[in-house]
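What follows is a set of notes on a single structure, which appears directly below.
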Number of protein chains: 8
Amino acid sequence: MSTHENQRVAVVMGSASDLGTMRKAADILESFGVVHDVIVSSAHRTPDETFAFAASAAEKYAVIIAGAGGAAHLAGVIAAKTTLPVIGVPIKSDALNGLDSLLSTVQMPGGVPVATMAIGDAGAKNAALFAVAILALEDAELTQKLKAYRAAQAKRVMESQPES
Amino acid sequence: MSTHENQRVAVVMGSASDLGTMRKAADILESFGVVHDVIVSSAHRTPDETFAFAASAAEKYAVIIAGAGGAAHLAGVIAAKTTLPVIGVPIKSDALNGLDSLLSTVQMPGGVPVATMAIGDAGAKNAALFAVAILALEDAELTQKLKAYRAAQAKRVMESQPES
Amino acid sequence: MSTHENQRVAVVMGSASDLGTMRKAADILESFGVVHDVIVSSAHRTPDETFAFAASAAEKYAVIIAGAGGAAHLAGVIAAKTTLPVIGVPIKSDALNGLDSLLSTVQMPGGVPVATMAIGDAGAKNAALFAVAILALEDAELTQKLKAYRAAQAKRVMESQPES
Amino acid sequence: MSTHENQRVAVVMGSASDLGTMRKAADILESFGVVHDVIVSSAHRTPDETFAFAASAAEKYAVIIAGAGGAAHLAGVIAAKTTLPVIGVPIKSDALNGLDSLLSTVQMPGGVPVATMAIGDAGAKNAALFAVAILALEDAELTQKLKAYRAAQAKRVMESQPES
Amino acid sequence: MSTHENQRVAVVMGSASDLGTMRKAADILESFGVVHDVIVSSAHRTPDETFAFAASAAEKYAVIIAGAGGAAHLAGVIAAKTTLPVIGVPIKSDALNGLDSLLSTVQMPGGVPVATMAIGDAGAKNAALFAVAILALEDAELTQKLKAYRAAQAKRVMESQPES
Amino acid sequence: MSTHENQRVAVVMGSASDLGTMRKAADILESFGVVHDVIVSSAHRTPDETFAFAASAAEKYAVIIAGAGGAAHLAGVIAAKTTLPVIGVPIKSDALNGLDSLLSTVQMPGGVPVATMAIGDAGAKNAALFAVAILALEDAELTQKLKAYRAAQAKRVMESQPES
Amino acid sequence: MSTHENQRVAVVMGSASDLGTMRKAADILESFGVVHDVIVSSAHRTPDETFAFAASAAEKYAVIIAGAGGAAHLAGVIAAKTTLPVIGVPIKSDALNGLDSLLSTVQMPGGVPVATMAIGDAGAKNAALFAVAILALEDAELTQKLKAYRAAQAKRVMESQPES
Amino acid sequence: MSTHENQRVAVVMGSASDLGTMRKAADILESFGVVHDVIVSSAHRTPDETFAFAASAAEKYAVIIAGAGGAAHLAGVIAAKTTLPVIGVPIKSDALNGLDSLLSTVQMPGGVPVATMAIGDAGAKNAALFAVAILALEDAELTQKLKAYRAAQAKRVMESQPES
């Protein structure tokens, strides 16, 4: 399978316990042949590593996907240290079901954007699809793969009609 | 001023009354020299035009910014008809202050991503900065402009210290 | 059983996974002898089919019931393409329990109404009862059936008194 | 102007202070030539009158629009006493901005539907448009008027493009 | 056990499915020797019976406890037809966990009060204790029982210290 | 005007700034001839006075109305120290519009009830009406006044019909 | 293990049922060698004991951690009677998942602060860490322990990388 | 006036526009004679300065107060880089009134605490009072000042009784 080596994507999460959700992003990237790294790095518990990662991310990555829950600062902290596109995934949290994660991720102040996806698994999957959409702007093959993905998806919906 | 003609961005909104907010996006694009069109097209009131716009957007645009309020379907409807990156801006609504706009924009099902920004003016501004960040992946000059923008922004913060 | 052939109702849902809820609507229509079709069509994953369905719905249907979850655009997108009465059912979602589905369905802008029911099974059931109420305006037999339904329902409540 | 005398619509509200919002419904009905009455009747302060109104509404009306705020019981109480289609309009409330009105109106139990519209003016306007859509099922002239309304609305949107 | 015959309390609920919660109220009344009836009557499905009950409640009862879920209109509808004290219990609902029940019960308009308790079992229990507090105003024996109840409750808390 | 001296009601509030709302309660009590005291006492800023007030309230009062905003602990703290009926009024707060006040007042644990009214002025008014309803249980004159109040209120609604 | 005897911390909770959460605080204090007592005392069910505890807490304790759920008044009531630092832990509640507990704890009026932590177990753990941070201001050994705790925590995150 | 030089407090905010709220904290510290610095430093716009400030804060400060709005990451980012007590003030935001600021500040993951105060001015004031309470643990004079502050506050409440 041909890969898109110069379009590496980082999939970062604040805790190894977020892996169940964030693997949905990695799986999509894998299926599109987009090279990616999966990294656990916490804005609060490993701030130096997160800071260093973000500061040098542009040397290695084109797009960063960051997932965190609760007071989800990870995507925002990374976005503060890079001008790369940062996509945020609000992880479903225990008490507030991810409403806290969503607001902490999406309500960024003017000047430092985080592109926020839906709470949980659907959001992780879409973060990867959005990263592919960005990379596809300069990669006709990826664009074709995206269109095929959409077509297959539509076909599955149309074939799922209930029996009459 | 040199422009980035082949990286045209569409700034779409569901109603002319959203222009107060969405102009913040256009202003940022203007300041970065990114060519853009500002279009009013409603998912509900002009569905054919919106559909046609989205279906052919890839011929003209690289990135789409879509702002809408209330049951904000515009970004999702456009994203359904294109594989371009679509950035959603939840417009502050009258009764629920944009919480409805936010949830309607961000909670997309797996398969069709919308990159959602903060509610209101900050979100519109960040949508444009995020579009610039995408375009900058293949445009070193834009990357430099983004870095300069960040530096100027940081400088303004540091100079805003209250008098002791 | 006599049926009401010229008063066909469409029960549309965004995903086959919504069938558990939307079948509550179909069951009510069945029990009233109202002819209906159950269709899976997604505003986001099969936009062309959804658009085409809505554009021609008036040729075949009198009322449309549309159920979707999360950023629930289905009912609004259909309502944008038809002047038939469209009844929306917010499907209970994973993270936000259907609050997102409710706001995405009900907060339609002035000009394109969606008649929204309660979140989940009760809403699906009521969507069908509301469709029957519309059809009953020109069908005395249906009106009688509705009154009998209400009477039987009241009787069940009155007979459910706890033992003293 | 020809009117639709046998398709009378009742526009009921819980308080005269709701008239600012509910007049939006009456204005739409007026513009479509649909005969209607505007009535103040409270589920809580004039329960007998509300009950009596609902019990005999089918003698005079085809559709009922009911608007109320806060613990908005009006639409539900009317729906309990008639099998006519009842459309609920959540009035924007003081403290909670209509979230209470919305949930009190829409979350009806299975068995007694209320077709709920958006909070506030847009909801009142759409309630009338939805009533027209119901009446139009048996009135080709109304259907044409609705289509013309939609076309004019689309035209206004398309003409509202910002100057480039 | 001596009872308080002239201080009968009605425990009403909108559905037999609310009995699990509302039995907490009946149990408290039972333990205080307060005579009470447990009644299923729905504001929406048996409006006539609910209306008739409320209109004549003062002949038989001193206080009414009413529990309902979702668009919980029961307490408000009863309060509209009696000047007796009506205590509302918001039943925990499926999708919104009782937030809808709470707002529908508590946000009554000025003029017709409903004394609202917490969502669910604690609220049902407290509704009964509040009814007892009302009855105790003219019943020294009940006052003593209430004080003993509070003292026993405090004792249980103090005895529940974790082992050191 | 005859008064109901042995049925004194305390209207307590956490801050003098709550007086605008709580005066609505005092006005109703005044109009019913119910003797009452208006007291500022804070659960947090004057805990000793609040505690002492609650501990001896039964010597002087029959019913207590307590209004507070934000983390509204006043009604709960008073209810903890008396077995009198305590009615809570959530004052509309600055940031969260009284949602915090409502939840802090109504979500009392099983064992110590607070009868909660709507947020703000309507709640204050209803708190007084509910106190009157309690006192009316042993006061036929008050019952008549309440019925007259309701009748006058209904008359005002019926007379507020918009001009046709 | 050397302990910090003159820096005793009280861990108070409103109900023995909160022990599952609050033990997370005690465990952290234990691991840092901070002497502490675990106490069940309810603002509502044992107000006298809670009041007395708070009034004399400064004689024995340096910091108080208080956890409660629903209308969580415990931390606020204690803070009203002491000038010691009071740290509040909102316990996850049944119906509203701790949103009520959070708002009841954090929205204190100006003049009486409660330092609020996250809802549930993470909040209990952090309450203890914050108490340690306070005590560490005058205890270099505790500061070193905190730094070691942070370092170990960072190490665990860095070692939790998913296998590639 | 004697000051507490070795107990310096930092009052940090994410934007100069937060000064209206955060000055409430500075004013309290001033009135207690606690030396403090007021600093504008943004987690997102000046991450390096914020990081550097937090990393070396323990050399100069004993307690840090951090206020921010929206996706309020400032307090959490600072807390990640210091073991000093960090007190968070959620600034009232435009669209969501500070609910986003509150959840972003308070819902910190286990391991890195932020002591969160109420939204807005009351929170800023209480942040300073809480900082004083911490410093007072080792400063008998500050403790006396705090007690005097509380006594004066109680006196003002008691003197604010409405005229009878």
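Every chain in the structure tokens takes a letter, A first, then B, and so on in the order presented; its residues are numbered from 1, and the ligands are numbered from 1 following the presented order.
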Next item on the list: Within 10 Å of chain C, which residues of chain B are there when counting only C-alpha atoms? Please give them as number ranges by chain.
Entry: B: 14-15, 42-48, 51, 69-74, 76-81, 93, 95-96, 99-113
If you keep N, CA and C atoms, can you produce a file of those selected residues as a short mmCIF file (atom, residue, chain, number, x, y, z; two decimals), in the first residue's frame?
data_model
loop_
_atom_site.label_atom_id
_atom_site.label_comp_id
_atom_site.auth_asym_id
_atom_site.auth_seq_id
_atom_site.Cartn_x
_atom_site.Cartn_y
_atom_site.Cartn_z
N GLY B 14 -25.92 31.49 6.77
CA GLY B 14 -27.31 31.14 6.51
C GLY B 14 -28.23 32.32 6.35
N SER B 15 -27.78 33.49 6.81
CA SER B 15 -28.63 34.67 6.76
C SER B 15 -27.77 35.91 6.73
N SER B 42 -28.80 29.61 2.53
CA SER B 42 -29.42 28.97 3.69
C SER B 42 -29.70 27.49 3.42
N ALA B 43 -29.35 26.64 4.39
CA ALA B 43 -29.65 25.21 4.25
C ALA B 43 -31.15 24.98 4.17
N HIS B 44 -31.93 25.87 4.79
CA HIS B 44 -33.37 25.63 4.87
C HIS B 44 -34.18 26.47 3.89
N ARG B 45 -33.73 27.70 3.66
CA ARG B 45 -34.52 28.58 2.81
C ARG B 45 -34.07 28.58 1.36
N THR B 46 -32.79 28.27 1.11
CA THR B 46 -32.32 28.11 -0.28
C THR B 46 -31.56 26.80 -0.41
N PRO B 47 -32.25 25.69 -0.17
CA PRO B 47 -31.54 24.39 -0.17
C PRO B 47 -30.92 24.07 -1.52
N ASP B 48 -31.59 24.41 -2.62
CA ASP B 48 -31.04 24.06 -3.93
C ASP B 48 -29.73 24.79 -4.18
N PHE B 51 -27.07 23.35 -1.91
CA PHE B 51 -26.66 22.04 -2.42
C PHE B 51 -25.75 22.20 -3.64
N GLY B 69 -26.97 29.81 12.88
CA GLY B 69 -27.44 29.83 14.26
C GLY B 69 -28.67 28.97 14.46
N GLY B 70 -29.04 28.73 15.73
CA GLY B 70 -30.20 27.90 16.05
C GLY B 70 -29.95 26.46 15.63
N ALA B 71 -30.95 25.86 14.95
CA ALA B 71 -30.74 24.53 14.38
C ALA B 71 -29.82 24.72 13.18
N ALA B 72 -28.52 24.83 13.49
CA ALA B 72 -27.53 25.27 12.50
C ALA B 72 -27.11 24.08 11.64
N HIS B 73 -27.78 23.91 10.50
CA HIS B 73 -27.52 22.75 9.65
C HIS B 73 -26.59 23.08 8.49
N LEU B 74 -26.26 24.35 8.31
CA LEU B 74 -25.57 24.76 7.09
C LEU B 74 -24.24 24.04 6.90
N GLY B 76 -23.12 21.29 8.19
CA GLY B 76 -23.30 19.85 8.01
C GLY B 76 -23.83 19.51 6.63
N VAL B 77 -24.75 20.31 6.14
CA VAL B 77 -25.32 20.06 4.81
C VAL B 77 -24.26 20.25 3.73
N ILE B 78 -23.43 21.28 3.89
CA ILE B 78 -22.35 21.48 2.92
C ILE B 78 -21.34 20.34 3.00
N ALA B 79 -20.97 19.97 4.23
CA ALA B 79 -19.99 18.88 4.40
C ALA B 79 -20.49 17.58 3.79
N ALA B 80 -21.82 17.41 3.76
CA ALA B 80 -22.37 16.18 3.19
C ALA B 80 -22.14 16.09 1.68
N LYS B 81 -21.92 17.23 1.03
CA LYS B 81 -21.82 17.26 -0.43
C LYS B 81 -20.42 17.57 -0.95
N SER B 93 -27.27 32.59 19.20
CA SER B 93 -28.70 32.67 18.92
C SER B 93 -29.43 33.47 19.99
N ALA B 95 -32.48 32.91 21.89
CA ALA B 95 -32.97 32.35 23.15
C ALA B 95 -31.88 31.59 23.90
N LEU B 96 -31.15 30.74 23.20
CA LEU B 96 -30.23 29.84 23.88
C LEU B 96 -28.77 30.25 23.74
N LEU B 99 -25.94 27.87 22.30
CA LEU B 99 -25.75 26.47 22.69
C LEU B 99 -26.40 25.55 21.67
N ASP B 100 -27.57 25.96 21.15
CA ASP B 100 -28.22 25.17 20.10
C ASP B 100 -27.36 25.18 18.83
N SER B 101 -26.84 26.34 18.46
CA SER B 101 -26.00 26.45 17.28
C SER B 101 -24.76 25.55 17.42
N LEU B 102 -24.16 25.58 18.61
CA LEU B 102 -22.95 24.79 18.83
C LEU B 102 -23.23 23.30 18.69
N LEU B 103 -24.25 22.82 19.39
CA LEU B 103 -24.52 21.38 19.35
C LEU B 103 -24.95 20.93 17.96
N SER B 104 -25.73 21.78 17.27
CA SER B 104 -26.16 21.43 15.91
C SER B 104 -24.99 21.37 14.93
N THR B 105 -23.95 22.11 15.22
CA THR B 105 -22.80 22.15 14.32
C THR B 105 -21.78 21.07 14.65
N VAL B 106 -21.53 20.86 15.93
CA VAL B 106 -20.39 20.01 16.32
C VAL B 106 -20.73 18.53 16.42
N GLN B 107 -21.98 18.21 16.74
CA GLN B 107 -22.28 16.80 17.05
C GLN B 107 -22.57 15.96 15.81
N MET B 108 -21.76 16.16 14.79
CA MET B 108 -21.93 15.43 13.53
C MET B 108 -21.70 13.93 13.72
N PRO B 109 -22.44 13.11 12.97
CA PRO B 109 -22.25 11.67 13.07
C PRO B 109 -20.92 11.26 12.43
N GLY B 110 -20.39 10.13 12.85
CA GLY B 110 -19.16 9.61 12.27
C GLY B 110 -19.31 9.48 10.76
N GLY B 111 -18.35 10.00 10.01
CA GLY B 111 -18.37 9.87 8.55
C GLY B 111 -18.34 11.19 7.82
N VAL B 112 -18.87 12.23 8.45
CA VAL B 112 -18.96 13.54 7.79
C VAL B 112 -18.55 14.61 8.79
N PRO B 113 -17.27 14.98 8.81
CA PRO B 113 -16.80 15.92 9.84
C PRO B 113 -17.10 17.38 9.53
#
Checklist line | Residues within 12 Å of Lys145 (chain D), only C-alpha atoms, excluding chain neighbours under 4 positions, as a VMD selection string | finding: (chain C and resid 83) or (chain D and resid 2 28 to 29 31 to 34 129 132 to 133 135 to 136 139 to 141 149 to 152)
Save the residues we just selected, C-alpha atoms, as a compact mmCIF listing (two decimals), in the first residue's frame?
# COMPACT_ATOMS: atom_id res chain seq x y z
CA THR C 83 -44.13 21.93 1.91
CA SER D 2 -60.55 34.33 -0.81
CA ILE D 28 -48.68 34.60 8.96
CA LEU D 29 -52.20 33.14 9.06
CA SER D 31 -51.15 36.70 5.09
CA PHE D 32 -52.26 33.24 3.91
CA GLY D 33 -55.92 34.16 4.26
CA VAL D 34 -56.48 31.54 6.93
CA LEU D 129 -46.67 27.95 8.62
CA VAL D 132 -50.96 26.16 6.84
CA ALA D 133 -49.04 23.06 5.70
CA LEU D 135 -54.55 22.74 5.90
CA ALA D 136 -52.83 22.72 2.50
CA ASP D 139 -56.42 22.81 -0.33
CA ALA D 140 -54.46 23.15 -3.54
CA GLU D 141 -54.65 26.92 -3.40
CA TYR D 149 -44.03 31.87 0.12
CA ARG D 150 -41.02 29.58 0.01
CA ALA D 151 -39.96 30.93 -3.38
CA ALA D 152 -40.20 34.52 -2.23
List the spatial neighbours of Gln161 (chain E) as a PDB file with C-alpha atoms, in the first residue's frame - criterion: any atom at most 9 Å away, only C-alpha atoms, same-chain residues fewer than 6 positions off excluded.
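The resulting file, part32.pdb, is shown below:
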ATOM      1  CA  ALA G  16     -21.595   7.775  54.836  1.00  0.00           C
ATOM      2  CA  VAL G  38     -12.604  11.306  58.403  1.00  0.00           C
ATOM      3  CA  ILE G  39     -15.935  12.565  59.686  1.00  0.00           C
ATOM      4  CA  VAL G  40     -19.564  12.148  58.603  1.00  0.00           C
ATOM      5  CA  SER G  41     -21.532  15.291  59.440  1.00  0.00           C
TER       6      SER G  41
END
Next item on the list: Would you return as a VMD selection string the members of region 11-109 of chain D that DSSP assigns to strand (DSSP E) on this structure's backbone?
Entry: chain D and resid 11 to 13 36 to 40 63 to 69 86 to 91
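For the set G:Leu84, G:Val114, G:Ala66, G:Met158, the residue with the smallest atom-to-atom gap to Ala127 (chain H) is G:Val114, counting only C-alpha atoms.
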Next item on the list: Run DSSP on the backbone and grab whatever in chain E lands in alpha helix (DSSP H); send it over as a PyMOL selection string.
Entry: chain E and resi 19-31+47-56+74-80+99-106+121-136+140-158
